[in-house]
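Asks: First, the structure itself, so that you have it in front of you.
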Amino acid sequence: MLAHPWASTPLGAPERWNPAVRAVADLILASPVPMALLYGDDLVLLYNDGYAELIGPRHPEALGRPAAEVFADIWPDPGIGDVIERAYRGESFLEREAVLPVEQHLGGTAEPAVFTRGHSPVRDSTGRIIGVLTVAAQTTQLTQQLQSLSDFAAALSGTLTLDDVARVTLQYAINSFDADRVSFAIDEGGNWRMVRRIRGELLDEADERLPPLWRRAPAESPAPVVVTARSGVPCYASDGQPLRDTAVDRHDQKIRALAALPLRSSVIRGGLEVGYQIPHTWPAAERALLAAAAELVGQAAERARRFETQHGTAQLLQRSMLPEQLPDLPRLRIAARYAPGVDGNAAGGDFYDAFVLPTGALGVVLGDVAGHDVQAAARMGQVRAALRALALTDPRPDAVLAGLDRLVASLGTEGGTHELFVTVVFGVIDVHRERITLASAGHPAPLIRRCPEDGEPAAEYVELPAGAPLGLGCRPRTATVPFRPGDTLLLFSDGVVERRWQDLTAGLDGLSIAVTAASSGDPRALCAVATGAVPGATEDDVAVLAVEHAVRPSRSASMEVPAEPTAPSRVRHWMTAQLTDWRVAEAVVGAAVLCTSELTTNALLHAGTAARVEIDLSAERLLVSVADSGTRGTVTRAQTDTLSSRGRGLGLIEELSDAWGTDPTVRGSTVWFEILIPAE
């Protein structure tokens, strides 16, 4: 600016400038805000660095040239040249929101810039107008933040749990306010749960699906976000060390400016915190935006708390209706899987059970009580308990279902309804005689996957008369079929095969094909295969029970894993010793121990509860499962190269195992994997 040959312009040499012009020039050059002086009748331009950045490629040729020439392409447009010329005639001009014909390149995309701009006449020492002072304060960021707030409200409207609310809130705050650190805290019965996000954290799609990493804080924590949540009064720090007393690492220690706001909710206490590593003033517009965001978060957190309370009640009820543990038998391997339909917030009517009969045989049952409410779950509990009592007295399947028919009819009469719709299939497995005897009351026929030693696997439905549902005068008939070593029985509810948009036959065929093509007859693997065999979502509950007649007895062991940092190391040592004692191949041991260690870490990290590791070794395969009692939900499959450090356990399983899956149950989540044992 100073080096420009001003002597050749209407302004003349700087040393001859009018004192008023020199004062205006000094003001412009010292200001970080885009400012320009348009001097004389030709409106010759003198401007600062901010204005140079604003006009982009027109600089530096614009210096000392008439504005009408510099902006010849837009000067005739309304609101450009005409307002400056009016200001030169003595009329001040202010426009609070102007979209100027310049582009700001943000994140690689060109977006129109929004400004508050003003033009004022400049007078010399005699009072004569000699030019126009132009000031353009960019408000593009504020405009984008307002739009982002609208998007934020829409995203929060789709959240169900506090995990969802925290994930959406952290992502919004770090991006919209361009912050270095954001955190979210929520009251948990006197103590606090806190979660944060740091600028530059590498989170991919798989990480975003995982729950946030919460940490606990005591009721009287001095953390600013907790203090604000307790008091209900927002606080702002422009410079200093606001997290000095509560910093957990260097990221907290570097924060110099901090804003903490309470969540606006009548039934929940919490706070939102935004911080910067450089001094930061908190203008009124930004404070208002933060307050609006905190109010939205408070409303979403309140909805999420109500949902989680209802969901927890439904889970507790469902948990009490299903068996705590399935029998552990030397020649029969058993697994089950249950997933509630609708939105997962109601107790369903599907149920399963497996229990040892007085004769030594195994009784298996799977049923469906119509409905998705507490009443359906209560009826399901009555039917399941009555069935077990009848079977322990007289295990013949037709006799058991006949007795249940009388019970359901009595319940319908008692309730004054004829809409009590219950279907069930019950079977008795006699492992010594290698046979199954089954009876059905309106339920889909079971599927058996047969795997002869000298042939390929094949799945077939048992030819079993369905009969009428219970309570309608059911007269069940039985069918007895072979159940040899290598065979697997699969009982399932209609939610597995029914879809609104396709015929039931197509669903049954799809299930049969998927079970036939399964890599093994392992019950846990077949449960996973069955629940994913038919594409498309279902609104019905899904229940599956699988029983494998093992070729040879398997060996199994389990370990309870406390929620402690040393737990993964203890699991590695225990599992290595156990598999080595069983003389498992070294390559299989290495892969299994690595995968189990990662799964244990994930369970402790994301669920926050103790876990249980179970290993089951047969001649054909090694099966390992890690179960927690948290609320992690279903883990989505992802390829190894899309997983970062937090999700790498799932990627390792994808690469090192022959099959893997997740079992969403009412008690938490179970992730399992299977490694085939190579032939010697």
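Note on naming: chains are A, B, ... as they come in the structure tokens, residues start from 1 per chain, ligands start from 1 in the order shown.
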Per residue of stretch 145-206 of chain A within 9 Å of stretch 266-269 of chain A, what are the shortest atom pair and its distance in Å to one decimal, counting only C-alpha atoms, with rows by chain and residue number, as a tab-separated table?

Replies:
```
residue	atom	partner	partner_atom	distance
A:Ala185	CA	A:Arg269	CA	8.5
A:Ile186	CA	A:Arg269	CA	6.0
A:Asp187	CA	A:Arg269	CA	5.4
A:Glu188	CA	A:Arg269	CA	8.7
```

Asks: If we count only C-alpha atoms and set the cut-off at 9 Å, which residues sit around stretch 589-605 of chain A, ignoring sequence neighbours fewer than 5 positions away in its own chain? Please answer as JSON, numbers by chain.

Replies: {"A": [213, 561, 562, 563, 564, 565, 567, 568, 569, 571, 572, 573, 575, 576, 579, 580, 584, 610, 611, 612, 613, 622, 624, 625, 626, 627, 628, 630, 632, 646, 647, 648, 649, 650, 652, 653, 656, 657, 669, 670, 671, 672, 673, 674, 675]}

Asks: Those selected residues, please, written with C-alpha atoms and delivered as a compact mmCIF listing (two decimals), in the first residue's frame.

Replies:
```txt
# COMPACT_ATOMS: atom_id res chain seq x y z
CA LEU A 213 -16.59 -42.83 25.34
CA VAL A 561 -13.83 -60.58 32.97
CA PRO A 562 -14.08 -57.66 35.43
CA ALA A 563 -14.31 -54.09 34.08
CA GLU A 564 -10.66 -53.33 34.84
CA PRO A 565 -7.78 -52.07 32.65
CA ALA A 567 -8.65 -57.54 32.05
CA PRO A 568 -7.60 -57.96 28.37
CA SER A 569 -4.12 -59.06 29.48
CA VAL A 571 -7.85 -62.95 29.11
CA ARG A 572 -4.86 -63.37 26.77
CA HIS A 573 -2.88 -65.38 29.34
CA MET A 575 -6.87 -68.28 26.73
CA THR A 576 -3.32 -69.03 25.56
CA LEU A 579 -5.84 -73.61 24.05
CA THR A 580 -2.25 -74.76 24.42
CA VAL A 584 -4.72 -76.41 19.38
CA ALA A 610 -17.94 -56.75 33.09
CA ALA A 611 -17.80 -59.30 30.29
CA ARG A 612 -17.86 -63.09 29.90
CA VAL A 613 -15.54 -64.93 27.51
CA LEU A 622 -13.06 -73.13 17.62
CA VAL A 624 -15.26 -67.84 20.90
CA SER A 625 -17.84 -65.39 22.24
CA VAL A 626 -17.52 -62.21 24.31
CA ALA A 627 -20.71 -61.04 26.02
CA ASP A 628 -21.39 -57.84 27.94
CA GLY A 630 -24.29 -52.97 28.30
CA ARG A 632 -24.10 -51.14 22.80
CA ARG A 646 -11.49 -47.84 18.14
CA GLY A 647 -13.10 -50.32 15.77
CA ARG A 648 -10.11 -52.37 14.74
CA GLY A 649 -11.27 -55.44 16.72
CA LEU A 650 -14.09 -56.01 14.28
CA LEU A 652 -9.36 -58.22 12.81
CA ILE A 653 -12.23 -60.67 13.17
CA LEU A 656 -8.74 -63.73 10.83
CA SER A 657 -11.94 -65.74 11.37
CA SER A 669 -24.52 -57.77 23.27
CA THR A 670 -22.49 -60.81 22.31
CA VAL A 671 -19.87 -60.78 19.58
CA TRP A 672 -18.60 -64.17 18.49
CA PHE A 673 -16.24 -65.63 15.91
CA GLU A 674 -15.50 -69.08 14.56
CA ILE A 675 -12.16 -70.41 13.29
```

Asks: Residues of stretch 189-313 of chain A classed as alpha helix (DSSP H) by DSSP on the backbone are to be reported as an MDAnalysis selection string.

Replies: chainID A and resid 205:209 224:231 250:253 284:313

Asks: Distance atom CA of A:Ser157-atom CA of A:Thr609, one decimal place?

Replies: 28.9 Å

Asks: Find, counting only C-alpha atoms, the residue in A:Val462, A:Ile74, A:Ala52, A:Leu11 that gets nearest to A:Ile130.

Replies: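 The answer is A:Leu11, which sits nearest to A:Ile130.
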
Asks: Would you pick out the contacts of stretch 21-36 of chain A at 8 Å or less, using only C-alpha atoms, so that residues sharing its chain but fewer than 5 positions from it are not included, and give the list as a VMD selection string?

Replies: chain A and resid 14 45 to 52 54 124 133 to 137

Asks: Could the residues in this selection be saved with C-alpha atoms as a compact mmCIF listing (two decimals), in the first residue's frame?

Replies:
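In the end it all went to selection.txt:
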```
# COMPACT_ATOMS: atom_id res chain seq x y z
CA PRO A 14 1.31 10.99 0.59
CA LEU A 45 -9.27 3.06 -4.34
CA LEU A 46 -7.02 2.87 -1.28
CA TYR A 47 -7.64 -0.16 0.97
CA ASN A 48 -6.20 -2.52 3.56
CA ASP A 49 -5.26 -6.22 3.63
CA GLY A 50 -8.75 -7.32 4.66
CA TYR A 51 -10.26 -5.59 1.63
CA ALA A 52 -7.51 -7.01 -0.59
CA LEU A 54 -12.11 -9.68 -0.15
CA ASP A 124 -11.59 17.19 4.56
CA LEU A 133 -15.27 5.21 3.45
CA THR A 134 -16.43 1.63 2.84
CA VAL A 135 -16.52 -0.98 5.62
CA ALA A 136 -17.54 -4.62 5.00
CA ALA A 137 -17.86 -6.88 8.07
```

Asks: Quick one: residues within 8 Å of stretch 386-389 of chain A, only C-alpha atoms, excluding same-chain residues fewer than 4 positions away - as a PyMOL selection string?

Replies: chain A and resi 382+393+400-401+404

Asks: Between A:Thr413, A:Thr359, A:Ser618, A:Asn175, which is the closest to A:Asp394 once you count only C-alpha atoms?

Replies: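 The answer is A:Thr359, which sits nearest to A:Asp394.
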
Asks: State, in Å with one decimal place, the distance from atom CA of A:Ala335 to atom CA of A:Ala525.

Replies: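 The value is 8.8 Å.
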
Asks: Calculated over only C-alpha atoms, which of the candidates A:Ala445, A:Ile198, A:Ala458, A:Ala3 has the smallest distance to A:Leu491?

Replies: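 Counting only C-alpha atoms, the residue closest to A:Leu491 is A:Ala445.
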
Asks: Which of these residues is nearest to A:Ser148, using only C-alpha atoms: A:Leu38, A:His251, A:Arg86, A:Ala293?

Replies: A:Ala293

Asks: Which is closest to A:Val425 among A:Leu366, A:Val551, A:Ala62, A:Ala533, if we use only C-alpha atoms?

Replies: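 Result for the nearest residue to A:Val425: A:Leu366.
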
Asks: Using only C-alpha atoms, which of A:Gly56, A:Thr488, A:Gly271, A:Gly158 sits nearest A:Pro452?

Replies: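 Residue with the minimum atom-to-atom distance to A:Pro452: A:Thr488.
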
Asks: Set the distance at 12 Å and use only C-alpha atoms: which residues neighbour stretch 149-151 of chain A once local chain neighbours fewer than 2 positions away are removed? I'd like the list as a PyMOL selection string.

Replies: chain A and resi 142-147+153-158+168-169+171-173+175-177+286+288-297

Asks: Set the distance at 9 Å and use only C-alpha atoms: which residues neighbour A:Val233 once local chain neighbours fewer than 6 positions away are removed? I'd like the list as a PyMOL selection string.

Replies: chain A and resi 227+260-262

Asks: Atom CA of A:Val122 and atom CA of A:Ser8, how far apart in Å?

Replies: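 The value is 21.5 Å.
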
Asks: With a distance cut-off of 12 Å and only C-alpha atoms, select the neighbouring residues of A:Arg555, excluding the residue or stretch itself and same-chain residues fewer than 3 positions from it, and output the selection as a ChimeraX atom specification.

Replies: /A:328-333,550,552,558,578-579,581-584,614-624
